[in-house]
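*Asks:* Here you go, this is input.cif (mmCIF, C-alpha atoms).
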```
data_model
#
loop_
_atom_site.group_PDB
_atom_site.id
_atom_site.type_symbol
_atom_site.label_atom_id
_atom_site.label_comp_id
_atom_site.auth_asym_id
_atom_site.auth_seq_id
_atom_site.Cartn_x
_atom_site.Cartn_y
_atom_site.Cartn_z
ATOM 1 C CA MET B 1 -24.325 -24.619 4.086
ATOM 2 C CA GLN B 2 -22.271 -21.677 5.276
ATOM 3 C CA SER B 3 -19.363 -22.848 3.133
ATOM 4 C CA LEU B 4 -21.617 -23.191 0.082
ATOM 5 C CA ARG B 5 -23.082 -19.726 0.637
ATOM 6 C CA SER B 6 -19.581 -18.264 0.900
ATOM 7 C CA LYS B 7 -18.511 -19.953 -2.311
ATOM 8 C CA PHE B 8 -21.653 -18.731 -4.103
ATOM 9 C CA THR B 9 -21.100 -15.162 -2.884
ATOM 10 C CA LEU B 10 -17.492 -15.345 -3.998
ATOM 11 C CA PHE B 11 -18.474 -16.615 -7.447
ATOM 12 C CA VAL B 12 -21.008 -13.827 -7.911
ATOM 13 C CA GLY B 13 -18.484 -11.196 -6.832
ATOM 14 C CA LEU B 14 -15.854 -12.504 -9.211
ATOM 15 C CA SER B 15 -18.328 -12.722 -12.066
ATOM 16 C CA ILE B 16 -19.429 -9.130 -11.569
ATOM 17 C CA LEU B 17 -15.851 -7.948 -11.713
ATOM 18 C CA GLY B 18 -14.929 -10.074 -14.699
ATOM 19 C CA LEU B 19 -12.464 -12.259 -12.828
ATOM 20 C CA ALA B 20 -13.884 -15.593 -13.866
ATOM 21 C CA THR B 21 -10.740 -16.265 -15.869
ATOM 22 C CA VAL B 22 -7.132 -15.403 -15.122
ATOM 23 C CA SER B 23 -4.581 -14.784 -17.839
ATOM 24 C CA CYS B 24 -1.113 -16.295 -17.614
ATOM 25 C CA ASP B 25 0.334 -13.936 -20.222
ATOM 26 C CA THR B 26 3.509 -12.187 -19.060
ATOM 27 C CA THR B 27 3.073 -9.032 -21.134
ATOM 28 C CA GLY B 28 4.638 -6.031 -19.443
ATOM 29 C CA HIS B 29 6.903 -7.938 -17.057
ATOM 30 C CA GLY B 30 10.001 -6.805 -18.938
ATOM 31 C CA GLU B 31 9.410 -3.258 -17.726
ATOM 32 C CA PHE B 32 10.959 -4.226 -14.384
ATOM 33 C CA SER B 33 14.616 -5.158 -14.052
ATOM 34 C CA GLU B 34 15.678 -8.781 -13.665
ATOM 35 C CA GLU B 35 16.086 -8.362 -9.901
ATOM 36 C CA MET B 36 12.283 -8.533 -9.666
ATOM 37 C CA THR B 37 12.104 -12.098 -11.013
ATOM 38 C CA ALA B 38 11.315 -13.660 -7.630
ATOM 39 C CA LEU B 39 8.367 -11.331 -7.063
ATOM 40 C CA ARG B 40 6.741 -11.406 -10.485
ATOM 41 C CA SER B 41 3.085 -12.289 -10.719
ATOM 42 C CA THR B 42 1.442 -14.539 -13.290
ATOM 43 C CA SER B 43 -1.176 -11.856 -13.999
ATOM 44 C CA ALA B 44 -0.679 -10.028 -17.278
ATOM 45 C CA ASN B 45 -0.734 -6.529 -15.815
ATOM 46 C CA VAL B 46 0.530 -7.154 -12.273
ATOM 47 C CA LEU B 47 4.285 -6.668 -12.365
ATOM 48 C CA LEU B 48 4.956 -8.019 -8.894
ATOM 49 C CA GLN B 49 3.158 -9.492 -5.923
ATOM 50 C CA GLU B 50 4.391 -10.341 -2.416
ATOM 51 C CA ASP B 51 2.105 -12.379 -0.150
ATOM 52 C CA PHE B 52 4.715 -13.658 2.366
ATOM 53 C CA LEU B 53 3.850 -17.296 1.712
ATOM 54 C CA GLY B 54 7.118 -18.022 -0.091
ATOM 55 C CA SER B 55 10.446 -19.084 1.400
ATOM 56 C CA ASN B 56 12.297 -15.817 0.713
ATOM 57 C CA PRO B 57 10.044 -12.759 1.221
ATOM 58 C CA PHE B 58 11.449 -9.519 -0.196
ATOM 59 C CA GLY B 59 14.400 -11.615 -1.313
ATOM 60 C CA GLN B 60 15.127 -9.532 -4.402
ATOM 61 C CA VAL B 61 14.397 -5.976 -3.237
ATOM 62 C CA HIS B 62 16.530 -3.522 -1.284
ATOM 63 C CA LYS B 63 15.915 -3.867 2.453
ATOM 64 C CA GLN B 64 16.557 -1.023 4.891
ATOM 65 C CA PHE B 65 16.499 -2.960 8.165
ATOM 66 C CA GLY B 66 18.878 -1.945 10.945
ATOM 67 C CA THR B 67 17.869 -4.561 13.536
ATOM 68 C CA ASN B 68 16.635 -8.138 13.790
ATOM 69 C CA HIS B 69 13.191 -6.949 14.879
ATOM 70 C CA ALA B 70 12.831 -4.552 11.922
ATOM 71 C CA PHE B 71 11.085 -7.161 9.752
ATOM 72 C CA ASN B 72 9.747 -10.678 10.222
ATOM 73 C CA VAL B 73 7.105 -12.895 8.660
ATOM 74 C CA VAL B 74 4.397 -13.688 11.209
ATOM 75 C CA GLU B 75 0.992 -15.308 11.511
ATOM 76 C CA ASP B 76 -1.861 -13.138 10.282
ATOM 77 C CA PRO B 77 -3.585 -11.827 13.451
ATOM 78 C CA ARG B 78 -7.011 -12.330 11.846
ATOM 79 C CA ASP B 79 -6.414 -15.599 9.965
ATOM 80 C CA ARG B 80 -4.089 -18.264 11.367
ATOM 81 C CA SER B 81 -3.831 -19.956 7.964
ATOM 82 C CA ASN B 82 -2.229 -16.845 6.450
ATOM 83 C CA LYS B 83 1.092 -14.989 6.825
ATOM 84 C CA ALA B 84 1.927 -11.284 6.871
ATOM 85 C CA GLY B 85 5.032 -9.102 6.876
ATOM 86 C CA ARG B 86 5.596 -7.454 10.276
ATOM 87 C CA PHE B 87 7.584 -4.185 10.418
ATOM 88 C CA GLU B 88 8.822 -2.761 13.722
ATOM 89 C CA LEU B 89 10.667 0.470 14.514
ATOM 90 C CA ARG B 90 11.810 1.611 17.958
ATOM 91 C CA LYS B 91 12.915 5.055 19.073
ATOM 92 C CA ASN B 92 16.376 3.795 20.078
ATOM 93 C CA ASP B 93 17.000 1.855 16.848
ATOM 94 C CA PRO B 94 20.158 2.874 14.953
ATOM 95 C CA ILE B 95 20.054 5.278 12.033
ATOM 96 C CA THR B 96 19.535 3.253 8.854
ATOM 97 C CA SER B 97 20.021 4.787 5.395
ATOM 98 C CA ASN B 98 20.193 8.265 6.955
ATOM 99 C CA GLY B 99 17.000 7.958 8.977
ATOM 100 C CA LYS B 100 14.886 6.111 11.511
ATOM 101 C CA ARG B 101 13.279 3.528 9.286
ATOM 102 C CA SER B 102 12.271 -0.065 8.616
ATOM 103 C CA GLU B 103 11.433 -0.097 4.902
ATOM 104 C CA VAL B 104 11.854 -1.908 1.610
ATOM 105 C CA LEU B 105 12.735 -0.093 -1.615
ATOM 106 C CA PHE B 106 11.492 -1.397 -4.959
ATOM 107 C CA PRO B 107 13.419 -0.969 -8.236
ATOM 108 C CA ALA B 108 13.122 2.014 -10.552
ATOM 109 C CA GLN B 109 10.346 2.042 -13.145
ATOM 110 C CA ASP B 110 10.271 3.318 -16.706
ATOM 111 C CA ASN B 111 6.598 4.259 -17.049
ATOM 112 C CA LYS B 112 4.898 7.095 -15.199
ATOM 113 C CA ASP B 113 1.497 5.337 -15.068
ATOM 114 C CA ARG B 114 1.455 2.784 -12.252
ATOM 115 C CA TRP B 115 -0.934 0.979 -9.880
ATOM 116 C CA TYR B 116 -0.032 -0.067 -6.321
ATOM 117 C CA SER B 117 -1.951 -1.951 -3.639
ATOM 118 C CA TYR B 118 -1.582 -3.621 -0.261
ATOM 119 C CA SER B 119 -3.332 -4.508 2.969
ATOM 120 C CA VAL B 120 -2.102 -2.869 6.167
ATOM 121 C CA PHE B 121 -2.877 -3.789 9.796
ATOM 122 C CA LEU B 122 -2.191 -1.471 12.763
ATOM 123 C CA PRO B 123 -2.209 -3.422 16.057
ATOM 124 C CA SER B 124 -3.492 -1.415 19.021
ATOM 125 C CA SER B 125 -0.729 -2.846 21.209
ATOM 126 C CA GLY B 126 2.069 -1.727 18.881
ATOM 127 C CA PHE B 127 0.716 1.365 17.147
ATOM 128 C CA ARG B 128 -0.546 3.678 19.873
ATOM 129 C CA THR B 129 -1.893 7.129 19.037
ATOM 130 C CA ASP B 130 0.828 9.629 18.138
ATOM 131 C CA ARG B 131 0.286 13.280 17.247
ATOM 132 C CA ASP B 132 3.451 13.048 15.159
ATOM 133 C CA ASN B 133 3.222 11.410 11.734
ATOM 134 C CA ASP B 134 4.583 8.088 10.489
ATOM 135 C CA ILE B 135 5.255 7.548 6.788
ATOM 136 C CA ILE B 136 4.068 4.052 5.845
ATOM 137 C CA THR B 137 4.345 4.459 2.059
ATOM 138 C CA GLN B 138 6.456 6.823 0.000
ATOM 139 C CA TRP B 139 7.461 7.411 -3.589
ATOM 140 C CA HIS B 140 11.134 8.283 -3.151
ATOM 141 C CA GLN B 141 13.192 10.388 -5.549
ATOM 142 C CA ALA B 142 16.968 10.517 -5.217
ATOM 143 C CA GLY B 143 18.077 14.050 -4.413
ATOM 144 C CA GLY B 144 14.570 15.179 -3.556
ATOM 145 C CA GLY B 145 14.822 15.111 0.229
ATOM 146 C CA SER B 146 11.391 14.825 1.834
ATOM 147 C CA PRO B 147 9.284 12.801 -0.656
ATOM 148 C CA ALA B 148 6.727 14.555 -2.848
ATOM 149 C CA THR B 149 3.992 11.947 -2.298
ATOM 150 C CA THR B 150 3.498 9.817 0.814
ATOM 151 C CA VAL B 151 0.901 7.914 2.809
ATOM 152 C CA ARG B 152 1.060 8.771 6.508
ATOM 153 C CA VAL B 153 -0.649 7.953 9.775
ATOM 154 C CA GLN B 154 -1.071 10.858 12.183
ATOM 155 C CA ASN B 155 -3.255 11.025 15.276
ATOM 156 C CA ASP B 156 -4.979 7.784 14.184
ATOM 157 C CA ARG B 157 -5.908 9.009 10.710
ATOM 158 C CA PHE B 158 -4.641 7.999 7.271
ATOM 159 C CA LEU B 159 -3.341 10.906 5.177
ATOM 160 C CA VAL B 160 -1.926 11.389 1.698
ATOM 161 C CA LYS B 161 0.532 14.272 1.356
ATOM 162 C CA SER B 162 1.272 15.178 -2.257
ATOM 163 C CA GLY B 163 2.582 17.997 -4.436
ATOM 164 C CA ASN B 164 5.365 18.913 -6.858
ATOM 165 C CA THR B 165 7.319 21.141 -4.438
ATOM 166 C CA LYS B 166 7.863 20.875 -0.698
ATOM 167 C CA GLU B 167 5.911 24.099 -0.214
ATOM 168 C CA SER B 168 2.947 23.096 -2.398
ATOM 169 C CA ARG B 169 2.322 19.664 -0.876
ATOM 170 C CA LYS B 170 -1.175 19.278 0.549
ATOM 171 C CA ASP B 171 -2.650 16.852 3.081
ATOM 172 C CA PHE B 172 -5.682 14.768 2.066
ATOM 173 C CA ASP B 173 -7.520 13.008 4.889
ATOM 174 C CA LEU B 174 -8.367 9.392 4.005
ATOM 175 C CA GLY B 175 -10.250 8.560 7.197
ATOM 176 C CA VAL B 176 -9.806 6.855 10.544
ATOM 177 C CA ALA B 177 -6.882 4.443 10.926
ATOM 178 C CA THR B 178 -8.916 1.889 12.852
ATOM 179 C CA LYS B 179 -6.753 -0.511 14.855
ATOM 180 C CA ASP B 180 -6.786 -4.319 14.790
ATOM 181 C CA VAL B 181 -8.465 -4.657 11.373
ATOM 182 C CA TRP B 182 -7.059 -4.994 7.872
ATOM 183 C CA HIS B 183 -7.269 -1.956 5.590
ATOM 184 C CA ASP B 184 -7.112 -2.619 1.832
ATOM 185 C CA PHE B 185 -5.646 0.242 -0.224
ATOM 186 C CA VAL B 186 -5.296 0.658 -3.994
ATOM 187 C CA PHE B 187 -3.381 3.595 -5.495
ATOM 188 C CA HIS B 188 -3.382 4.651 -9.145
ATOM 189 C CA ILE B 189 -0.705 7.260 -9.808
ATOM 190 C CA VAL B 190 0.350 9.011 -12.982
ATOM 191 C CA HIS B 191 3.727 10.248 -11.781
ATOM 192 C CA SER B 192 4.365 13.759 -13.078
ATOM 193 C CA PRO B 193 5.512 17.179 -11.825
ATOM 194 C CA ASN B 194 3.001 18.775 -14.197
ATOM 195 C CA SER B 195 -0.752 19.156 -14.638
ATOM 196 C CA ASP B 196 -1.100 15.675 -16.175
ATOM 197 C CA GLY B 197 -0.272 14.072 -12.813
ATOM 198 C CA LEU B 198 -2.948 12.017 -11.063
ATOM 199 C CA VAL B 199 -3.398 10.366 -7.656
ATOM 200 C CA GLU B 200 -6.407 8.095 -7.082
ATOM 201 C CA VAL B 201 -7.004 6.121 -3.878
ATOM 202 C CA TRP B 202 -9.464 3.362 -2.962
ATOM 203 C CA HIS B 203 -9.973 2.136 0.618
ATOM 204 C CA ASN B 204 -11.678 -1.245 1.073
ATOM 205 C CA GLY B 205 -12.949 -1.055 -2.505
ATOM 206 C CA LYS B 206 -14.403 2.468 -2.244
ATOM 207 C CA LYS B 207 -12.859 5.420 -4.056
ATOM 208 C CA ILE B 208 -11.921 8.114 -1.540
ATOM 209 C CA LEU B 209 -9.526 10.440 -3.398
ATOM 210 C CA SER B 210 -9.003 11.761 -6.917
ATOM 211 C CA GLN B 211 -6.382 14.506 -7.214
ATOM 212 C CA LYS B 212 -5.046 15.943 -10.475
ATOM 213 C CA GLY B 213 -1.793 17.895 -10.762
ATOM 214 C CA GLY B 214 1.907 17.563 -10.023
ATOM 215 C CA ASN B 215 2.821 14.806 -7.551
ATOM 216 C CA MET B 216 6.601 14.469 -7.955
ATOM 217 C CA TYR B 217 9.632 16.721 -8.192
ATOM 218 C CA PRO B 218 11.220 17.441 -11.622
ATOM 219 C CA LEU B 219 13.789 14.699 -11.020
ATOM 220 C CA GLU B 220 14.082 11.029 -11.976
ATOM 221 C CA MET B 221 11.071 8.725 -11.635
ATOM 222 C CA PRO B 222 10.234 7.827 -8.017
ATOM 223 C CA ARG B 223 10.844 4.424 -6.458
ATOM 224 C CA TRP B 224 8.170 2.897 -4.245
ATOM 225 C CA LYS B 225 8.835 2.182 -0.561
ATOM 226 C CA VAL B 226 6.683 0.511 2.096
ATOM 227 C CA GLY B 227 7.305 0.055 5.809
ATOM 228 C CA ILE B 228 7.810 2.603 8.598
ATOM 229 C CA TYR B 229 9.769 5.851 8.441
ATOM 230 C CA LYS B 230 9.673 8.258 11.391
ATOM 231 C CA ALA B 231 11.943 11.218 10.702
ATOM 232 C CA SER B 232 11.217 12.921 14.035
ATOM 233 C CA TRP B 233 12.922 10.204 16.061
ATOM 234 C CA ALA B 234 16.307 11.197 14.670
ATOM 235 C CA ASN B 235 16.305 14.318 16.855
ATOM 236 C CA ARG B 236 13.338 14.401 19.242
ATOM 237 C CA ASN B 237 10.781 12.367 21.173
ATOM 238 C CA THR B 238 7.125 11.919 20.244
ATOM 239 C CA ASP B 239 4.109 10.432 22.039
ATOM 240 C CA THR B 240 5.352 6.879 21.432
ATOM 241 C CA ASP B 241 8.627 4.968 21.302
ATOM 242 C CA VAL B 242 7.652 1.932 19.205
ATOM 243 C CA ARG B 243 5.747 1.427 15.933
ATOM 244 C CA VAL B 244 4.530 -1.962 14.719
ATOM 245 C CA LEU B 245 2.414 -2.645 11.646
ATOM 246 C CA MET B 246 1.826 -5.467 9.178
ATOM 247 C CA PHE B 247 1.528 -5.564 5.396
ATOM 248 C CA ASP B 248 0.124 -8.229 3.103
ATOM 249 C CA ASN B 249 -0.716 -8.711 -0.584
ATOM 250 C CA ILE B 250 1.666 -6.047 -1.887
ATOM 251 C CA LYS B 251 1.233 -5.525 -5.630
ATOM 252 C CA VAL B 252 2.479 -3.241 -8.409
ATOM 253 C CA GLY B 253 0.533 -3.001 -11.666
ATOM 254 C CA ASN B 254 1.548 -1.590 -15.019
ATOM 255 C CA GLN B 255 -0.219 1.113 -17.033
ATOM 256 C CA ARG B 256 -2.775 -1.408 -18.337
ATOM 257 C CA ALA B 257 -3.862 -2.568 -14.873
ATOM 258 C CA ASP B 258 -7.180 -1.559 -13.352
ATOM 259 C CA LEU B 259 -8.977 -1.629 -10.027
ATOM 260 C CA THR B 260 -10.268 -5.156 -10.580
ATOM 261 C CA GLU B 261 -6.748 -6.575 -10.916
ATOM 262 C CA MET B 262 -5.369 -4.591 -8.008
ATOM 263 C CA LEU B 263 -8.062 -5.308 -5.409
ATOM 264 C CA VAL B 264 -6.153 -6.810 -2.571
ATOM 265 C CA GLY B 265 -8.131 -10.001 -2.137
ATOM 266 C CA THR B 266 -11.065 -9.857 0.243
ATOM 267 C CA LEU B 267 -14.751 -10.507 -0.251
ATOM 268 C CA THR B 268 -15.478 -7.078 1.225
ATOM 269 C CA ALA B 269 -13.324 -5.346 -1.373
ATOM 270 C CA VAL B 270 -14.992 -7.322 -4.174
ATOM 271 C CA GLY B 271 -18.467 -6.525 -2.871
ATOM 272 C CA ASN B 272 -17.759 -2.829 -2.355
ATOM 273 C CA ALA B 273 -16.268 -2.432 -5.815
ATOM 274 C CA ALA B 274 -19.166 -4.263 -7.446
ATOM 275 C CA SER B 275 -21.901 -2.399 -5.580
ATOM 276 C CA ASN B 276 -20.300 1.017 -6.034
ATOM 277 C CA ASN B 277 -19.124 0.447 -9.614
ATOM 278 C CA THR B 278 -15.815 2.142 -8.853
ATOM 279 C CA SER B 279 -13.758 0.361 -11.489
ATOM 280 C CA SER B 280 -11.203 2.710 -13.060
ATOM 281 C CA ASN B 281 -8.249 2.576 -15.445
ATOM 282 C CA SER B 282 -5.545 4.866 -16.769
ATOM 283 C CA ASN B 283 -7.925 6.349 -19.364
ATOM 284 C CA SER B 284 -10.544 7.409 -16.805
ATOM 285 C CA THR B 285 -11.860 10.960 -17.024
ATOM 286 C CA VAL B 286 -11.266 12.845 -13.777
ATOM 287 C CA SER B 287 -12.460 16.360 -13.106
ATOM 288 C CA SER B 288 -9.997 19.115 -12.260
ATOM 289 C CA GLY B 289 -9.074 19.609 -8.635
ATOM 290 C CA SER B 290 -9.670 16.870 -6.099
ATOM 291 C CA THR B 291 -12.354 14.961 -4.306
ATOM 292 C CA SER B 292 -11.869 13.225 -0.996
ATOM 293 C CA THR B 293 -14.301 11.326 1.174
ATOM 294 C CA SER B 294 -13.742 9.428 4.384
ATOM 295 C CA SER B 295 -15.698 7.312 6.811
ATOM 296 C CA ASN B 296 -15.414 6.693 10.516
ATOM 297 C CA GLU B 297 -16.360 3.066 9.987
ATOM 298 C CA THR B 298 -14.100 0.291 8.749
ATOM 299 C CA THR B 299 -15.681 -2.924 7.536
ATOM 300 C CA SER B 300 -14.086 -5.911 9.244
ATOM 301 C CA ARG B 301 -13.562 -9.234 7.507
ATOM 302 C CA PRO B 302 -13.433 -12.634 9.173
ATOM 303 C CA SER B 303 -10.893 -14.108 6.768
ATOM 304 C CA ARG B 304 -7.895 -13.033 4.692
ATOM 305 C CA ARG B 305 -7.859 -16.069 2.390
ATOM 306 C CA ARG B 306 -6.854 -15.144 -1.134
ATOM 307 C CA TRP B 307 -9.632 -15.569 -3.673
ATOM 308 C CA TRP B 308 -7.431 -15.056 -6.745
ATOM 309 C CA ARG B 309 -5.430 -18.261 -6.253
#
```
Here is a file; write its structure as C-alpha cells.

*Replies:*
Amino acid sequence: MQSLRSKFTLFVGLSILGLATVSCDTTGHGEFSEEMTALRSTSANVLLQEDFLGSNPFGQVHKQFGTNHAFNVVEDPRDRSNKAGRFELRKNDPITSNGKRSEVLFPAQDNKDRWYSYSVFLPSSGFRTDRDNDIITQWHQAGGGSPATTVRVQNDRFLVKSGNTKESRKDFDLGVATKDVWHDFVFHIVHSPNSDGLVEVWHNGKKILSQKGGNMYPLEMPRWKVGIYKASWANRNTDTDVRVLMFDNIKVGNQRADLTEMLVGTLTAVGNAASNNTSSNSNSTVSSGSTSTSSNETTSRPSRRRWWR
C-alpha cells in the first residue's frame, strides 16, 4: 500500500505541474556547441543534464581537477540505488588553473536568459563549519577576476553574491546550509550588466530570492562552473583543511525553460512548487529591488529516485 500511495502522490504532483507528458523535441539544443552532445537532454528546453548514471560523467566539459581525489562518482549517501558526483579539495592540493579548486567549466552560451539547477549535499564529516567562504557555483567571465555572481557557503549558510562591479556586489542570505541532506536549487538568470538583469533562486521548490539589476561585468557572456573553489587557501589558512560536497541532477535550461522543467527531481520539490504556486518563466513580472527569504528548516527526503525518467 505504501508503494501505491507513493505512486498516487507522484501522479498528482506531476499532474498539477503539467508534467504528465514529456516532449522529445530537440528545439534549442543547437544553441550549445557540439562538445555538449554527450550531456544533452531529451527535454525540449533543457540543454544539458548530468545525473552521473552514465559511463563517462562530465566527459565533454572542461575539468579543473588537480588530483585523483578531486572528483569521483560515488553512491548517493541517501539512496544506494543512485549515484552522485563527489568533489573534494584539500588545503595542500596543487594550484589548478591559477587557484585552489576542483571544478568543471561548461561551454560558452549565446543567450543571456538561462536556467540552471542541481542538488547539492554537504556531508558533516567533510564540510565542517568555516568562517571563510567557499564558492560552489560561479558564472565566470574571462578577464573579470573575481566573478560577478556566485553561490557560496560561509559559516554554514548559503549565500548569493552578485553585482556588476566588484565594489557593488551584494550578499543575499539563502538560509542554513544544513548538513547531510540534499538541497535542491533552481536559478533563473538574465545575464546583464544593466538594469534588465535578473537573478531568481528557488530552494527545495520555494522561491527565496528575486533580484533585479546588473549581475555581470561588461565583458563576454559568463560560463557556468560548479564544484569547489577556495581562493583563501592559495595564501592563508582557514578553519578547515578539507572540503567535500556532492552534486546531482545538474541541468541547464534555455530561455524557454521554466521552474517546472528545472525542478531537480524530488517529490518534496514537486509538492512545494505545487502548493506554493511558484512557477515562473522568463516573462515573469518582478518588482524592482530584491526580495529574499530563508528558513532554518530543511525538508529531508527519503529517496532521490528520479521521477522524470

*Asks:* Using the chain letters and numbers from this file, what does the PyMOL selection byres ((chain B and resi 122-139) around 6) select? Give the answer as a list in words.

*Replies:*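 Those residues are Phe121, His140, Thr149, Thr150, Val151, Arg152, Val153, Gln154, Asn155, Asp156, Lys179, Asp180, Pro222, Arg223, Trp224, Lys225, Val226, Gly227, Ile228, Tyr229, Lys230, Asp239, Arg243, Val244 and Leu245 of chain B.
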
*Asks:* Please evaluate the PyMOL selection byres ((chain B and resi 177) around 6) against the displayed coordinates and give the resulting residues as a short mmCIF file (atom, residue, chain, number, x, y, z; two decimals) with C-alpha atoms, in the coordinates of the input.

*Replies:*
```cif
data_model
loop_
_atom_site.label_atom_id
_atom_site.label_comp_id
_atom_site.auth_asym_id
_atom_site.auth_seq_id
_atom_site.Cartn_x
_atom_site.Cartn_y
_atom_site.Cartn_z
CA ASP B 156 -4.98 7.78 14.18
CA ARG B 157 -5.91 9.01 10.71
CA PHE B 158 -4.64 8.00 7.27
CA VAL B 176 -9.81 6.86 10.54
CA THR B 178 -8.92 1.89 12.85
#
```

*Asks:* Go through B:Phe247, B:Ser162, B:Asn194, B:Trp182 and flag the residue nearest Ser210 of chain B, using only C-alpha atoms for the distances.

*Replies:*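 Ranked by minimum distance to Ser210 of chain B, first place goes to B:Ser162.
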
*Asks:* What separation in Å, quoted to one decimal, exists between atom CA of Gly54 of chain B and atom CA of Asp76 of chain B?

*Replies:*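 These atoms are spaced 14.6 Å apart.
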
*Asks:* Mind pulling up the distance from atom CA of Gly214 of chain B to atom CA of Asn164 of chain B?

*Replies:*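 Atom CA of Asn164 of chain B sits 4.9 Å away from atom CA of Gly214 of chain B.
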